[in-house]
>>> print(open('start_15.pdb').read())   # PDB, C-alpha atoms
ATOM      1  CA  MET A 267       2.711  37.884 -25.615
ATOM      2  CA  MET A 268      -0.697  36.282 -25.947
ATOM      3  CA  ARG A 269       0.891  32.881 -26.641
ATOM      4  CA  ALA A 270       3.061  33.159 -23.526
ATOM      5  CA  ARG A 271      -0.017  33.856 -21.408
ATOM      6  CA  GLN A 272      -1.793  30.846 -22.857
ATOM      7  CA  GLN A 273       1.167  28.649 -21.943
ATOM      8  CA  ILE A 274       1.099  29.910 -18.355
ATOM      9  CA  ILE A 275      -2.632  29.289 -17.817
ATOM     10  CA  PRO A 276      -2.370  25.467 -17.360
ATOM     11  CA  TYR A 277       0.313  25.954 -14.709
ATOM     12  CA  LEU A 278      -1.905  28.402 -12.844
ATOM     13  CA  PHE A 279      -4.609  25.734 -12.627
ATOM     14  CA  LEU A 280      -2.001  23.264 -11.340
ATOM     15  CA  LEU A 281      -0.619  25.717  -8.789
ATOM     16  CA  PRO A 282      -3.059  24.895  -5.912
ATOM     17  CA  ALA A 283      -2.316  21.165  -6.243
ATOM     18  CA  LEU A 284       1.420  21.835  -6.410
ATOM     19  CA  LEU A 285       1.245  23.990  -3.286
ATOM     20  CA  LEU A 286      -0.612  21.231  -1.429
ATOM     21  CA  LEU A 287       2.023  18.698  -2.506
ATOM     22  CA  ILE A 288       4.806  20.981  -1.321
ATOM     23  CA  VAL A 289       3.180  21.729   2.047
ATOM     24  CA  PHE A 290       1.917  18.239   2.902
ATOM     25  CA  ASN A 291       4.475  16.013   1.127
ATOM     26  CA  LEU A 292       7.742  17.706   0.263
ATOM     27  CA  MET A 293       8.158  19.839   3.403
ATOM     28  CA  PRO A 294       7.457  16.966   5.874
ATOM     29  CA  THR A 295       9.917  14.796   3.947
ATOM     30  CA  ILE A 296      12.641  17.426   4.190
ATOM     31  CA  ALA A 297      11.829  17.949   7.887
ATOM     32  CA  THR A 298      12.136  14.205   8.541
ATOM     33  CA  LEU A 299      15.547  14.070   6.853
ATOM     34  CA  PHE A 300      16.631  17.068   8.932
ATOM     35  CA  GLU A 301      15.330  15.620  12.216
ATOM     36  CA  SER A 302      17.136  12.337  11.600
ATOM     37  CA  MET A 303      20.437  14.169  12.180
ATOM     38  CA  PHE A 304      19.547  15.125  15.766
ATOM     39  CA  VAL A 305      19.067  13.417  19.108
ATOM     40  CA  ILE A 306      15.796  14.857  20.401
ATOM     41  CA  SER A 307      14.376  14.634  23.909
ATOM     42  CA  LEU A 308      10.636  14.012  23.822
ATOM     43  CA  ARG A 309      10.184  15.502  27.308
ATOM     44  CA  SER A 310      12.293  18.660  27.174
ATOM     45  CA  GLY A 311      12.415  19.137  23.410
ATOM     46  CA  GLU A 312      16.201  19.540  23.589
ATOM     47  CA  ARG A 313      17.963  18.893  20.283
ATOM     48  CA  VAL A 314      21.593  17.831  19.941
ATOM     49  CA  PHE A 315      23.198  17.465  16.522
ATOM     50  CA  ALA A 316      24.350  13.868  16.056
ATOM     51  CA  GLY A 317      25.173  13.605  12.362
ATOM     52  CA  PHE A 318      24.696  10.041  11.160
ATOM     53  CA  ALA A 319      24.719   8.553  14.664
ATOM     54  CA  ASN A 320      21.004   7.723  14.489
ATOM     55  CA  TYR A 321      21.524   5.809  11.241
ATOM     56  CA  ASN A 322      24.463   3.963  12.769
ATOM     57  CA  ARG A 323      22.282   2.937  15.734
ATOM     58  CA  ILE A 324      19.392   1.629  13.682
ATOM     59  CA  PHE A 325      21.685  -0.214  11.250
ATOM     60  CA  ASN A 326      23.166  -2.055  14.228
ATOM     61  CA  ASP A 327      19.755  -2.784  15.733
ATOM     62  CA  PRO A 328      18.463  -6.343  15.054
ATOM     63  CA  ILE A 329      14.883  -5.221  15.703
ATOM     64  CA  PHE A 330      15.111  -2.736  12.825
ATOM     65  CA  TRP A 331      16.383  -5.436  10.469
ATOM     66  CA  LYS A 332      13.631  -7.758  11.655
ATOM     67  CA  SER A 333      11.018  -5.093  10.875
ATOM     68  CA  PHE A 334      12.671  -4.513   7.488
ATOM     69  CA  GLN A 335      12.508  -8.247   6.747
ATOM     70  CA  VAL A 336       8.841  -8.456   7.796
ATOM     71  CA  THR A 337       7.982  -5.415   5.639
ATOM     72  CA  VAL A 338       9.689  -6.876   2.556
ATOM     73  CA  VAL A 339       7.950 -10.242   3.012
ATOM     74  CA  PHE A 340       4.621  -8.478   3.565
ATOM     75  CA  SER A 341       5.036  -6.419   0.381
ATOM     76  CA  LEU A 342       6.150  -9.397  -1.710
ATOM     77  CA  LEU A 343       3.050 -11.292  -0.617
ATOM     78  CA  VAL A 344       0.362  -8.630  -0.502
ATOM     79  CA  ASN A 345       1.126  -6.738  -3.720
ATOM     80  CA  PRO A 346       0.717  -9.657  -6.174
ATOM     81  CA  ILE A 347      -2.316 -10.937  -4.266
ATOM     82  CA  GLN A 348      -4.087  -7.579  -4.310
ATOM     83  CA  ILE A 349      -3.295  -6.771  -7.942
ATOM     84  CA  ALA A 350      -4.290 -10.235  -9.197
ATOM     85  CA  LEU A 351      -7.580 -10.143  -7.282
ATOM     86  CA  ALA A 352      -8.225  -6.527  -8.345
ATOM     87  CA  LEU A 353      -7.615  -7.438 -11.984
ATOM     88  CA  GLY A 354      -9.965 -10.409 -11.763
ATOM     89  CA  LEU A 355     -12.611  -8.328 -10.008
ATOM     90  CA  ALA A 356     -12.323  -5.539 -12.578
ATOM     91  CA  VAL A 357     -12.746  -8.008 -15.431
ATOM     92  CA  LEU A 358     -15.790  -9.479 -13.667
ATOM     93  CA  ILE A 359     -17.585  -6.186 -13.067
ATOM     94  CA  ASN A 360     -16.780  -5.047 -16.607
ATOM     95  CA  GLN A 361     -19.068  -7.764 -17.955
ATOM     96  CA  ARG A 362     -22.632  -7.128 -19.006
ATOM     97  CA  ALA A 363     -24.687  -9.478 -16.865
ATOM     98  CA  PRO A 364     -27.964  -9.336 -14.924
ATOM     99  CA  GLY A 365     -27.524  -7.721 -11.516
ATOM    100  CA  ILE A 366     -24.012  -6.456 -12.253
ATOM    101  CA  GLY A 367     -25.045  -2.914 -11.284
ATOM    102  CA  ILE A 368     -26.038  -4.066  -7.787
ATOM    103  CA  PHE A 369     -22.789  -6.012  -7.432
ATOM    104  CA  ARG A 370     -20.809  -2.927  -8.460
ATOM    105  CA  SER A 371     -22.406  -1.004  -5.612
ATOM    106  CA  ILE A 372     -21.875  -3.743  -3.021
ATOM    107  CA  TYR A 373     -18.212  -4.454  -3.739
ATOM    108  CA  LEU A 374     -17.320  -0.799  -3.140
ATOM    109  CA  LEU A 375     -18.639  -0.833   0.441
ATOM    110  CA  PRO A 376     -15.240  -1.745   2.017
ATOM    111  CA  ILE A 377     -13.787   1.482   0.597
ATOM    112  CA  ALA A 378     -16.484   3.549   2.319
ATOM    113  CA  VAL A 379     -15.504   2.222   5.763
ATOM    114  CA  SER A 380     -12.428   3.697   7.464
ATOM    115  CA  LEU A 381      -9.386   1.484   7.904
ATOM    116  CA  ASN A 382      -9.609   1.774  11.696
ATOM    117  CA  VAL A 383     -13.184   0.490  11.778
ATOM    118  CA  THR A 384     -12.325  -2.255   9.290
ATOM    119  CA  ALA A 385      -9.394  -3.380  11.444
ATOM    120  CA  ILE A 386     -11.550  -3.522  14.588
ATOM    121  CA  VAL A 387     -14.332  -5.470  12.860
ATOM    122  CA  TRP A 388     -11.878  -7.968  11.390
ATOM    123  CA  GLY A 389     -10.205  -8.259  14.792
ATOM    124  CA  LEU A 390     -13.553  -9.310  16.269
ATOM    125  CA  MET A 391     -14.236 -11.694  13.392
ATOM    126  CA  LEU A 392     -10.807 -13.355  13.739
ATOM    127  CA  ASP A 393     -10.997 -13.671  17.521
ATOM    128  CA  GLN A 394      -9.839 -17.112  18.605
ATOM    129  CA  ASN A 395     -12.630 -17.704  21.106
ATOM    130  CA  SER A 396     -15.725 -15.907  19.861
ATOM    131  CA  GLY A 397     -14.896 -14.797  16.311
ATOM    132  CA  MET A 398     -17.273 -15.471  13.452
ATOM    133  CA  VAL A 399     -14.553 -16.994  11.270
ATOM    134  CA  ASN A 400     -13.695 -19.615  13.879
ATOM    135  CA  GLY A 401     -17.411 -20.276  14.333
ATOM    136  CA  ILE A 402     -17.685 -21.102  10.626
ATOM    137  CA  LEU A 403     -14.568 -23.281  10.782
ATOM    138  CA  LEU A 404     -16.015 -25.253  13.699
ATOM    139  CA  GLN A 405     -19.170 -25.908  11.690
ATOM    140  CA  LEU A 406     -16.940 -27.301   8.931
ATOM    141  CA  GLY A 407     -15.129 -29.566  11.372
ATOM    142  CA  ILE A 408     -11.945 -27.465  11.435
ATOM    143  CA  PRO A 409     -10.441 -26.646  14.872
ATOM    144  CA  ARG A 410     -10.154 -23.072  16.097
ATOM    145  CA  GLN A 411      -7.311 -21.050  14.603
ATOM    146  CA  PRO A 412      -5.293 -18.431  16.547
ATOM    147  CA  PHE A 413      -5.004 -16.060  13.547
ATOM    148  CA  LEU A 414      -3.740 -12.756  15.019
ATOM    149  CA  HIS A 415      -2.162 -14.559  17.993
ATOM    150  CA  SER A 416      -0.086 -16.951  15.886
ATOM    151  CA  VAL A 417       3.425 -16.263  14.604
ATOM    152  CA  ASP A 418       2.589 -18.184  11.421
ATOM    153  CA  GLN A 419      -0.873 -16.708  10.812
ATOM    154  CA  ALA A 420      -0.701 -13.112  12.088
ATOM    155  CA  LEU A 421       0.963 -11.637   8.995
ATOM    156  CA  TRP A 422      -1.474 -13.470   6.709
ATOM    157  CA  SER A 423      -4.332 -12.047   8.764
ATOM    158  CA  ILE A 424      -2.972  -8.527   8.211
ATOM    159  CA  ILE A 425      -2.683  -9.304   4.481
ATOM    160  CA  LEU A 426      -6.351 -10.343   4.509
ATOM    161  CA  ILE A 427      -7.398  -7.093   6.194
ATOM    162  CA  ALA A 428      -5.259  -4.969   3.847
ATOM    163  CA  SER A 429      -6.677  -6.753   0.808
ATOM    164  CA  TRP A 430     -10.257  -6.310   2.002
ATOM    165  CA  ILE A 431      -9.866  -2.577   1.345
ATOM    166  CA  GLY A 432      -7.128  -2.592  -1.274
ATOM    167  CA  VAL A 433      -8.661  -4.974  -3.808
ATOM    168  CA  PRO A 434     -11.899  -2.975  -4.425
ATOM    169  CA  LEU A 435      -9.948   0.282  -4.542
ATOM    170  CA  TRP A 436      -7.376  -0.859  -7.104
ATOM    171  CA  SER A 437     -10.043  -2.619  -9.165
ATOM    172  CA  LEU A 438     -11.642   0.794  -9.777
ATOM    173  CA  PHE A 439      -8.511   2.021 -11.558
ATOM    174  CA  ILE A 440      -8.178  -1.188 -13.552
ATOM    175  CA  LEU A 441     -11.873  -1.011 -14.478
ATOM    176  CA  ALA A 442     -11.306   2.495 -15.836
ATOM    177  CA  GLY A 443      -8.433   1.133 -17.923
ATOM    178  CA  LEU A 444     -10.582  -1.721 -19.228
ATOM    179  CA  GLN A 445     -13.351   0.632 -20.259
ATOM    180  CA  ASN A 446     -10.809   2.821 -22.037
ATOM    181  CA  ILE A 447      -9.821   0.001 -24.415
ATOM    182  CA  PRO A 448     -11.424   0.660 -27.839
ATOM    183  CA  PRO A 449     -14.119  -2.004 -28.478
ATOM    184  CA  PRO A 450     -13.173  -2.297 -32.190
ATOM    185  CA  VAL A 451      -9.752  -3.646 -31.172
ATOM    186  CA  LEU A 452     -11.315  -6.516 -29.198
ATOM    187  CA  GLU A 453     -13.916  -7.115 -31.897
ATOM    188  CA  ALA A 454     -11.207  -7.350 -34.558
ATOM    189  CA  ALA A 455      -9.359  -9.934 -32.482
ATOM    190  CA  LYS A 456     -12.564 -11.944 -32.087
ATOM    191  CA  ILE A 457     -13.193 -11.848 -35.830
ATOM    192  CA  ASP A 458      -9.629 -13.056 -36.440
ATOM    193  CA  GLY A 459     -10.406 -16.122 -34.326
ATOM    194  CA  ALA A 460      -8.666 -15.165 -31.093
ATOM    195  CA  SER A 461      -9.970 -16.912 -27.991
ATOM    196  CA  ALA A 462     -11.027 -14.996 -24.894
ATOM    197  CA  TRP A 463      -7.741 -15.927 -23.173
ATOM    198  CA  GLN A 464      -5.673 -14.847 -26.191
ATOM    199  CA  SER A 465      -7.513 -11.519 -26.367
ATOM    200  CA  PHE A 466      -6.914 -10.986 -22.661
ATOM    201  CA  THR A 467      -3.195 -11.833 -22.680
ATOM    202  CA  LYS A 468      -2.263 -10.356 -26.073
ATOM    203  CA  ILE A 469      -4.477  -7.265 -26.175
ATOM    204  CA  THR A 470      -6.056  -6.393 -22.830
ATOM    205  CA  LEU A 471      -3.000  -6.792 -20.578
ATOM    206  CA  PRO A 472      -0.599  -4.858 -22.864
ATOM    207  CA  LEU A 473      -3.112  -2.010 -23.133
ATOM    208  CA  LEU A 474      -3.419  -1.996 -19.316
ATOM    209  CA  ARG A 475       0.338  -1.573 -18.861
ATOM    210  CA  ARG A 476       0.150   2.063 -17.740
ATOM    211  CA  VAL A 477      -2.777   1.439 -15.383
ATOM    212  CA  LEU A 478      -1.120  -1.629 -13.858
ATOM    213  CA  ALA A 479       2.113   0.321 -13.406
ATOM    214  CA  PHE A 480       0.243   3.032 -11.505
ATOM    215  CA  VAL A 481      -1.653   0.487  -9.393
ATOM    216  CA  LEU A 482       1.539  -1.411  -8.551
ATOM    217  CA  VAL A 483       3.348   1.762  -7.483
ATOM    218  CA  ALA A 484       0.401   3.076  -5.451
ATOM    219  CA  ASP A 485      -0.159  -0.337  -3.865
ATOM    220  CA  THR A 486       3.517  -0.618  -2.906
ATOM    221  CA  VAL A 487       3.521   2.793  -1.235
ATOM    222  CA  ALA A 488       0.208   2.139   0.561
ATOM    223  CA  ASN A 489       1.382  -1.198   1.940
ATOM    224  CA  PHE A 490       4.706   0.215   3.112
ATOM    225  CA  LEU A 491       2.661   2.741   5.095
ATOM    226  CA  MET A 492       0.419   0.069   6.653
ATOM    227  CA  PHE A 493      -0.041   1.076  10.292
ATOM    228  CA  ALA A 494      -3.583   1.105  11.732
ATOM    229  CA  PRO A 495      -4.265  -2.677  11.752
ATOM    230  CA  ILE A 496      -0.883  -3.304  13.383
ATOM    231  CA  LEU A 497      -1.485  -0.692  16.077
ATOM    232  CA  LEU A 498      -5.039  -1.802  16.832
ATOM    233  CA  LEU A 499      -4.702  -5.582  16.564
ATOM    234  CA  THR A 500      -1.181  -6.935  17.027
ATOM    235  CA  SER A 501       1.190  -4.181  18.266
ATOM    236  CA  GLY A 502       3.838  -5.735  16.048
ATOM    237  CA  GLY A 503       3.476  -9.194  17.586
ATOM    238  CA  PRO A 504       3.399 -11.981  18.249
ATOM    239  CA  ARG A 505       7.205 -12.100  18.485
ATOM    240  CA  LEU A 506       7.600  -9.209  16.014
ATOM    241  CA  SER A 507       5.949 -11.238  13.222
ATOM    242  CA  THR A 508       3.869  -8.200  12.151
ATOM    243  CA  ASN A 509       6.297  -5.465  13.175
ATOM    244  CA  LEU A 510       6.292  -3.485   9.914
ATOM    245  CA  ILE A 511       8.716  -0.570   9.564
ATOM    246  CA  MET A 512       5.926   1.997   9.880
ATOM    247  CA  TYR A 513       4.882   0.589  13.240
ATOM    248  CA  GLU A 514       8.502   0.270  14.373
ATOM    249  CA  THR A 515       9.064   3.989  13.686
ATOM    250  CA  TYR A 516       6.000   4.797  15.798
ATOM    251  CA  ARG A 517       7.128   2.454  18.582
ATOM    252  CA  ARG A 518      10.647   3.856  18.605
ATOM    253  CA  GLY A 519       9.576   7.498  18.469
ATOM    254  CA  PHE A 520       6.443   7.714  20.622
ATOM    255  CA  LEU A 521       6.678   4.738  22.975
ATOM    256  CA  TYR A 522      10.420   4.929  23.640
ATOM    257  CA  GLY A 523      10.878   8.655  22.952
ATOM    258  CA  ASP A 524      13.727   8.146  20.469
ATOM    259  CA  LEU A 525      12.571  10.648  17.851
ATOM    260  CA  GLY A 526      15.922  10.861  16.087
ATOM    261  CA  ALA A 527      16.058   7.123  15.424
ATOM    262  CA  SER A 528      12.406   7.175  14.387
ATOM    263  CA  ALA A 529      13.120   9.922  11.831
ATOM    264  CA  ALA A 530      16.137   7.965  10.576
ATOM    265  CA  MET A 531      13.944   4.881  10.053
ATOM    266  CA  LEU A 532      11.429   6.948   8.108
ATOM    267  CA  SER A 533      14.221   8.346   5.951
ATOM    268  CA  VAL A 534      15.531   4.852   5.216
ATOM    269  CA  MET A 535      12.006   3.683   4.411
ATOM    270  CA  LEU A 536      11.603   6.618   2.017
ATOM    271  CA  VAL A 537      14.767   5.634   0.141
ATOM    272  CA  ILE A 538      13.661   1.993  -0.004
ATOM    273  CA  VAL A 539      10.241   2.949  -1.387
ATOM    274  CA  PHE A 540      11.837   5.168  -4.046
ATOM    275  CA  LEU A 541      14.146   2.327  -5.111
ATOM    276  CA  ILE A 542      11.319  -0.230  -5.280
ATOM    277  CA  VAL A 543       9.040   2.153  -7.169
ATOM    278  CA  GLY A 544      11.862   2.940  -9.619
ATOM    279  CA  ILE A 545      12.435  -0.775 -10.258
ATOM    280  CA  GLU A 546       8.701  -1.351 -10.766
ATOM    281  CA  LEU A 547       8.367   1.517 -13.221
ATOM    282  CA  TYR A 548      11.436   0.332 -15.118
ATOM    283  CA  ALA A 549      10.113  -3.228 -15.296
ATOM    284  CA  LEU A 550       6.688  -2.084 -16.551
ATOM    285  CA  ARG A 551       7.946   0.554 -18.964
ATOM    286  CA  GLY A 552       6.582   0.522 -22.508
ATOM    287  CA  ARG A 553       8.323   1.173 -25.786
ATOM    288  CA  ASP A 554       7.146   4.792 -25.643
TER     289      ASP A 554
END
>>> encode(input="start_15.pdb", output="structure tokens")
Amino acid sequence: MMRARQQIIPYLFLLPALLLLIVFNLMPTIATLFESMFVISLRSGERVFAGFANYNRIFNDPIFWKSFQVTVVFSLLVNPIQIALALGLAVLINQRAPGIGIFRSIYLLPIAVSLNVTAIVWGLMLDQNSGMVNGILLQLGIPRQPFLHSVDQALWSIILIASWIGVPLWSLFILAGLQNIPPPVLEAAKIDGASAWQSFTKITLPLLRRVLAFVLVADTVANFLMFAPILLLTSGGPRLSTNLIMYETYRRGFLYGDLGASAAMLSVMLVIVFLIVGIELYALRGRD
């Protein structure tokens, strides 16, 4: 009897977190899947069961496929960039060097600022006429760049803004993984004559497999949910070049009042994220 009680105690401590996950994650997901089967009037609130009609509409909508294409390209670009920079930053701040404590405090500042404020500040900095970035380019003899107003540069500008916050955040997790590597392992490799690069590729990276897997999954989910910079700076433009799926669901549901199609898009995005995350976890799995 006593042993059974001891086995239950850990689950009791986990219960509040599990309840929060159910209320704020699982229940909204189920509600979204349910709502995607109805045609809903935003004005009257009238609901008419439509089955898979909403899915049929979005799958035959070229704008949806354009937003899907933009989201995939965005993820394929931003995820490797953020993880590579986060890994390099984590390795840098893990060194023992003069002033490293001050640098550790400074590089975390982007995390302390909300994404909305960050997007607005970067929007001002990237302004074509009076932005600071174009001012610096002019001093270097480079002509003004349209950035957020260019079909070719707008998505890269969003990647820059997303990375400004994402890189310091993910580097924290990687730094924790680096500091969890037993120093004797690295010292033994050094004694055996391994170079710094060999120690990094043969010892450090394999021991960071679990941390990198978590960072990759979390980064993928976060970037699929990218919304605020699009809403505040580009509204999906120019010419749908930054129209990520998350913004398209908002546009379809709250600007056009098509809540059923919006819920169907969210459901499709959920399935896509699960598939991508499953592939990532499978690719980064260890022998254990």
>>> residues_around(input="start_15.pdb", residues="Ala529 of chain A", least_positions_apart="4", cutoff="7 Å", atoms="all atoms listed in the file", output="PyMOL selection string")
chain A and resi 298-299+301-302+525+533
>>> closest_residue(input="start_15.pdb", among="A:Ile349, A:Tyr522, A:Val537, A:Tyr548", to="Ser307 of chain A", atoms="only C-alpha atoms")
A:Tyr522
>>> axis_aligned_box(input="start_15.pdb", around="segment 537-544 of chain A", padding_each_side="4 Å", output="AutoDock Vina command-line options")
--center_x 11.9 --center_y 2.7 --center_z -4.7 --size_x 13.7 --size_y 13.9 --size_z 17.8
>>> resolve_selection(input="start_15.pdb", expression="the PyMOL selection byres ((chain A and resi 448-452) around 10)", output="NGL selection string")
:A and (444-447 or 453-458 or 460 or 462 or 465-466 or 469-470 or 473)
>>> residues_around(input="start_15.pdb", residues="Ala356 of chain A", least_positions_apart="3", cutoff="10 Å", atoms="all atoms listed in the file", output="ChimeraX atom specification")
/A:350-353,359-361,370,433-434,436-445
